[in-house]
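Asker: Sharing a structure below in structure tokens format, with a few things to ask.
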Amino acid sequence: MVSDLERGRPIWFGGKDRSKESLDLFYQWLGAKKVKSLRLAVMDMWKAFEKSTSENAFHAAILYDKLHVMRHLGEALEKVRKMEYARLSGKERSYIKGQKYTLLSNRENLTLDGRKSLKKFTHGKTNGPTLPIC
């Protein structure tokens with residue numbers, strides 16, 4: 001399905017799957033004149049969608065949806081957190097252990113203790129390690 005985000009309505013139901021070829025059908029259906037008028041394509045991070053859009057509407061900017069971007073950032077942060085935990089030992093690990101929620105939360109949603117923990121990571125206010133923020 002392809003939607004017009006400005007009007008808030010679906011504009012095309014087609015294709016058979018999530019392949020490049022299926023999205024190519026949308027661009028064929030839309031026509032060259034309308035494809036040229038596209039300024040922005042918002043999509044998930046599916047490579048087939050990116051490839052089809054890059055080939056058919058190469059002038060349009062691509063914006064990835066927030067859900068997928070945040071998922072990838074969360075996965076990267078968790079990977080770094082685990083690597084740092086494995087690298088450290090003893091007391092230094094206490095600065096990382098149990099801090100997943102703190103690192104993934106919006107600062108405004110944290111308790112006072114959570115904000116203090118986050119400050120340790122981002123400002124290096126302790127003798128412990130500073131977690132690199134990606």
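Just remember, in the structure tokens the first chain shown is A, the second B, etc., residues are 1-based per chain, and ligands are 1-based in the order shown.
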Name the residues in contact with Met83 in chain A at a cut-off of 12 Å, using only C-alpha atoms, excluding same-chain residues fewer than 5 positions from it; report them as a list in words.

Answerer: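 Contacts, in chain order: Ala76, Leu77, Glu78, Leu88, Ser89, Arg93, Ile96, Lys97, Leu131 and Pro132 of chain A.
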
Asker: Could those selected residues go to a file with C-alpha atoms, as an mmCIF file, in the first residue's frame?

Answerer:
data_model
loop_
_atom_site.group_PDB
_atom_site.id
_atom_site.type_symbol
_atom_site.label_atom_id
_atom_site.label_comp_id
_atom_site.auth_asym_id
_atom_site.auth_seq_id
_atom_site.Cartn_x
_atom_site.Cartn_y
_atom_site.Cartn_z
ATOM 1 C CA ALA A 76 23.132 -0.357 18.269
ATOM 2 C CA LEU A 77 23.024 1.111 21.778
ATOM 3 C CA GLU A 78 22.361 -2.321 23.292
ATOM 4 C CA LEU A 88 34.909 -4.070 32.035
ATOM 5 C CA SER A 89 35.252 -5.995 35.256
ATOM 6 C CA ARG A 93 30.580 -3.053 35.561
ATOM 7 C CA ILE A 96 26.500 -0.348 33.223
ATOM 8 C CA LYS A 97 24.625 -3.245 34.813
ATOM 9 C CA LEU A 131 29.712 4.831 27.852
ATOM 10 C CA PRO A 132 30.181 6.024 24.263
#

Asker: Report as a VMD selection string all protein, DNA and RNA residues lying within 9 Å of Thr53 in chain A, evaluated on only C-alpha atoms, omitting residues in the same chain fewer than 2 positions from it.

Answerer: chain A and resid 20 23 to 24 27 41 48 to 51 55 to 58 60 62

Asker: Please produce an output containing N, CA and C atoms for each residue in the selection, written as a PDB file, in the first residue's frame.

Answerer:
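Okay, this is what ended up in again-v9.pdb:
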ATOM      1  N   LYS A  20      11.096  -5.032  -4.889  1.00  0.00           N
ATOM      2  CA  LYS A  20      11.383  -3.864  -5.723  1.00  0.00           C
ATOM      3  C   LYS A  20      10.437  -3.836  -6.912  1.00  0.00           C
ATOM      4  N   LEU A  23       7.007  -2.410  -6.059  1.00  0.00           N
ATOM      5  CA  LEU A  23       6.976  -0.949  -5.928  1.00  0.00           C
ATOM      6  C   LEU A  23       7.226  -0.274  -7.272  1.00  0.00           C
ATOM      7  N   ASP A  24       8.006  -0.916  -8.139  1.00  0.00           N
ATOM      8  CA  ASP A  24       8.188  -0.390  -9.499  1.00  0.00           C
ATOM      9  C   ASP A  24       6.832  -0.257 -10.203  1.00  0.00           C
ATOM     10  N   TYR A  27       5.239   3.059  -9.351  1.00  0.00           N
ATOM     11  CA  TYR A  27       5.788   4.187 -10.102  1.00  0.00           C
ATOM     12  C   TYR A  27       5.313   4.177 -11.555  1.00  0.00           C
ATOM     13  N   ALA A  41       9.830  10.749  -0.141  1.00  0.00           N
ATOM     14  CA  ALA A  41       9.272   9.403  -0.002  1.00  0.00           C
ATOM     15  C   ALA A  41       9.584   8.914   1.410  1.00  0.00           C
ATOM     16  N   ALA A  48      14.484  -3.071  -0.770  1.00  0.00           N
ATOM     17  CA  ALA A  48      13.777  -3.107  -2.052  1.00  0.00           C
ATOM     18  C   ALA A  48      13.025  -1.800  -2.307  1.00  0.00           C
ATOM     19  N   PHE A  49      12.428  -1.215  -1.257  1.00  0.00           N
ATOM     20  CA  PHE A  49      11.713   0.052  -1.406  1.00  0.00           C
ATOM     21  C   PHE A  49      12.692   1.175  -1.712  1.00  0.00           C
ATOM     22  N   GLU A  50      13.816   1.180  -1.003  1.00  0.00           N
ATOM     23  CA  GLU A  50      14.830   2.207  -1.230  1.00  0.00           C
ATOM     24  C   GLU A  50      15.366   2.129  -2.660  1.00  0.00           C
ATOM     25  N   LYS A  51      15.644   0.920  -3.115  1.00  0.00           N
ATOM     26  CA  LYS A  51      16.195   0.746  -4.467  1.00  0.00           C
ATOM     27  C   LYS A  51      15.196   1.182  -5.539  1.00  0.00           C
ATOM     28  N   GLU A  55      15.710   4.498  -8.010  1.00  0.00           N
ATOM     29  CA  GLU A  55      15.737   4.361  -9.466  1.00  0.00           C
ATOM     30  C   GLU A  55      14.603   5.108 -10.148  1.00  0.00           C
ATOM     31  N   ASN A  56      13.419   5.063  -9.570  1.00  0.00           N
ATOM     32  CA  ASN A  56      12.240   5.638 -10.225  1.00  0.00           C
ATOM     33  C   ASN A  56      11.995   7.106  -9.880  1.00  0.00           C
ATOM     34  N   ALA A  57      12.327   7.494  -8.683  1.00  0.00           N
ATOM     35  CA  ALA A  57      12.127   8.885  -8.233  1.00  0.00           C
ATOM     36  C   ALA A  57      13.430   9.380  -7.614  1.00  0.00           C
ATOM     37  N   PHE A  58      14.492   9.305  -8.390  1.00  0.00           N
ATOM     38  CA  PHE A  58      15.842   9.599  -7.889  1.00  0.00           C
ATOM     39  C   PHE A  58      15.989  11.008  -7.340  1.00  0.00           C
ATOM     40  N   ALA A  60      13.707  12.524  -5.497  1.00  0.00           N
ATOM     41  CA  ALA A  60      12.979  12.636  -4.235  1.00  0.00           C
ATOM     42  C   ALA A  60      13.880  12.248  -3.062  1.00  0.00           C
ATOM     43  N   ILE A  62      14.566  10.608   0.551  1.00  0.00           N
ATOM     44  CA  ILE A  62      14.012   9.458   1.267  1.00  0.00           C
ATOM     45  C   ILE A  62      14.116   9.729   2.761  1.00  0.00           C
TER      46      ILE A  62
END

Asker: In Å, with one decimal, what is the gap from CA of His68 in chain A to CA of Glu84 in chain A?

Answerer: 24.4 Å

Asker: With a distance cut-off of 7 Å and only C-alpha atoms, select the neighbouring residues of Met43 in chain A, excluding the residue or stretch itself and same-chain residues fewer than 4 positions from it, and output the selection as a ChimeraX atom specification.

Answerer: /A:63-65

Asker: Go ahead and dump the residues you just picked, N, CA and C atoms, as an mmCIF file, in the first residue's frame.

Answerer:
data_model
loop_
_atom_site.group_PDB
_atom_site.id
_atom_site.type_symbol
_atom_site.label_atom_id
_atom_site.label_comp_id
_atom_site.auth_asym_id
_atom_site.auth_seq_id
_atom_site.Cartn_x
_atom_site.Cartn_y
_atom_site.Cartn_z
ATOM 1 N N LEU A 63 13.002 9.546 3.442
ATOM 2 C CA LEU A 63 12.941 9.710 4.896
ATOM 3 C C LEU A 63 12.453 8.396 5.479
ATOM 4 N N TYR A 64 13.244 7.824 6.373
ATOM 5 C CA TYR A 64 12.861 6.565 7.001
ATOM 6 C C TYR A 64 11.948 6.840 8.171
ATOM 7 N N ASP A 65 10.967 5.963 8.363
ATOM 8 C CA ASP A 65 10.017 6.187 9.441
ATOM 9 C C ASP A 65 10.696 6.021 10.801
#

Asker: Within range 30-88 of chain A, find each residue whose DSSP state, derived from the backbone, is strand (DSSP E or B), and express the selection as number ranges by chain.

Answerer: A: 40-43, 61-64

Asker: Please produce an output containing C-alpha atoms for each residue in the selection, written as a PDB file, in the first residue's frame.

Answerer:
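The file below, out_2.pdb, is the result:
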ATOM      1  CA  LEU A  40       9.764  13.136  -0.414  1.00  0.00           C
ATOM      2  CA  ALA A  41       9.272   9.403  -0.002  1.00  0.00           C
ATOM      3  CA  VAL A  42       8.699   8.156   3.554  1.00  0.00           C
ATOM      4  CA  MET A  43       9.295   4.435   4.024  1.00  0.00           C
ATOM      5  CA  ALA A  61      14.482  12.641  -0.763  1.00  0.00           C
ATOM      6  CA  ILE A  62      14.012   9.458   1.267  1.00  0.00           C
ATOM      7  CA  LEU A  63      12.941   9.710   4.896  1.00  0.00           C
ATOM      8  CA  TYR A  64      12.861   6.565   7.001  1.00  0.00           C
TER       9      TYR A  64
END

Asker: Give me, as a PyMOL selection string, the residues of chain A that a backbone DSSP run labels alpha helix (DSSP H).

Answerer: chain A and resi 20-30+32-37+47-56+66-87+100-104+112-123

Asker: Using only C-alpha atoms, can you tell me which of A:Lys116, A:Lys66, A:Lys79, A:Lys16 comes closest to Met1 in chain A?

Answerer: A:Lys16

Asker: To one decimal place, how far is CA of Arg81 in chain A from CA of Asp44 in chain A in Å?

Answerer: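 Those two atoms sit 25.6 Å apart.
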
Asker: Expressed in Å to a single decimal, how great is the separation between CA of Glu75 in chain A and CA of Glu92 in chain A?

Answerer: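 About the pair CA of Glu75 in chain A and CA of Glu92 in chain A: they are 22.5 Å apart.
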
Asker: Would you kindly return, as an MDAnalysis selection string, each protein, DNA or RNA residue with an atom no farther than 12 Å from any atom of Arg115 in chain A, considering only C-alpha atoms and excluding same-chain residues fewer than 6 positions away?

Answerer: chainID A and resid 99 101:103 105:109 121:123

Asker: Print the selection's residues with N, CA and C atoms to a file, as a PDB file, in the first residue's frame.

Answerer:
ATOM      1  N   GLN A  99      21.283  -0.739  33.491  1.00  0.00           N
ATOM      2  CA  GLN A  99      21.037   0.620  33.015  1.00  0.00           C
ATOM      3  C   GLN A  99      20.404   0.677  31.623  1.00  0.00           C
ATOM      4  N   TYR A 101      17.278   0.459  30.602  1.00  0.00           N
ATOM      5  CA  TYR A 101      16.116   1.355  30.570  1.00  0.00           C
ATOM      6  C   TYR A 101      16.551   2.817  30.617  1.00  0.00           C
ATOM      7  N   THR A 102      17.525   3.113  31.466  1.00  0.00           N
ATOM      8  CA  THR A 102      18.013   4.487  31.593  1.00  0.00           C
ATOM      9  C   THR A 102      18.555   5.002  30.270  1.00  0.00           C
ATOM     10  N   LEU A 103      19.320   4.174  29.590  1.00  0.00           N
ATOM     11  CA  LEU A 103      19.929   4.598  28.328  1.00  0.00           C
ATOM     12  C   LEU A 103      18.918   4.735  27.205  1.00  0.00           C
ATOM     13  N   SER A 105      15.648   5.514  27.580  1.00  0.00           N
ATOM     14  CA  SER A 105      14.523   6.386  27.933  1.00  0.00           C
ATOM     15  C   SER A 105      14.789   7.836  27.556  1.00  0.00           C
ATOM     16  N   ASN A 106      13.682   8.570  27.382  1.00  0.00           N
ATOM     17  CA  ASN A 106      13.790  10.016  27.262  1.00  0.00           C
ATOM     18  C   ASN A 106      14.158  10.559  28.635  1.00  0.00           C
ATOM     19  N   ARG A 107      15.031  11.522  28.670  1.00  0.00           N
ATOM     20  CA  ARG A 107      15.480  12.084  29.949  1.00  0.00           C
ATOM     21  C   ARG A 107      14.293  12.557  30.791  1.00  0.00           C
ATOM     22  N   GLU A 108      13.295  13.147  30.148  1.00  0.00           N
ATOM     23  CA  GLU A 108      12.141  13.689  30.865  1.00  0.00           C
ATOM     24  C   GLU A 108      11.341  12.605  31.577  1.00  0.00           C
ATOM     25  N   ASN A 109      11.440  11.354  31.115  1.00  0.00           N
ATOM     26  CA  ASN A 109      10.668  10.263  31.705  1.00  0.00           C
ATOM     27  C   ASN A 109      11.409   9.541  32.831  1.00  0.00           C
ATOM     28  N   PHE A 121      26.946   8.616  32.734  1.00  0.00           N
ATOM     29  CA  PHE A 121      27.345   8.137  31.403  1.00  0.00           C
ATOM     30  C   PHE A 121      27.728   9.282  30.477  1.00  0.00           C
ATOM     31  N   THR A 122      26.931  10.315  30.471  1.00  0.00           N
ATOM     32  CA  THR A 122      27.118  11.359  29.458  1.00  0.00           C
ATOM     33  C   THR A 122      28.132  12.429  29.836  1.00  0.00           C
ATOM     34  N   HIS A 123      28.390  12.587  31.116  1.00  0.00           N
ATOM     35  CA  HIS A 123      29.325  13.631  31.524  1.00  0.00           C
ATOM     36  C   HIS A 123      30.569  13.096  32.220  1.00  0.00           C
TER      37      HIS A 123
END
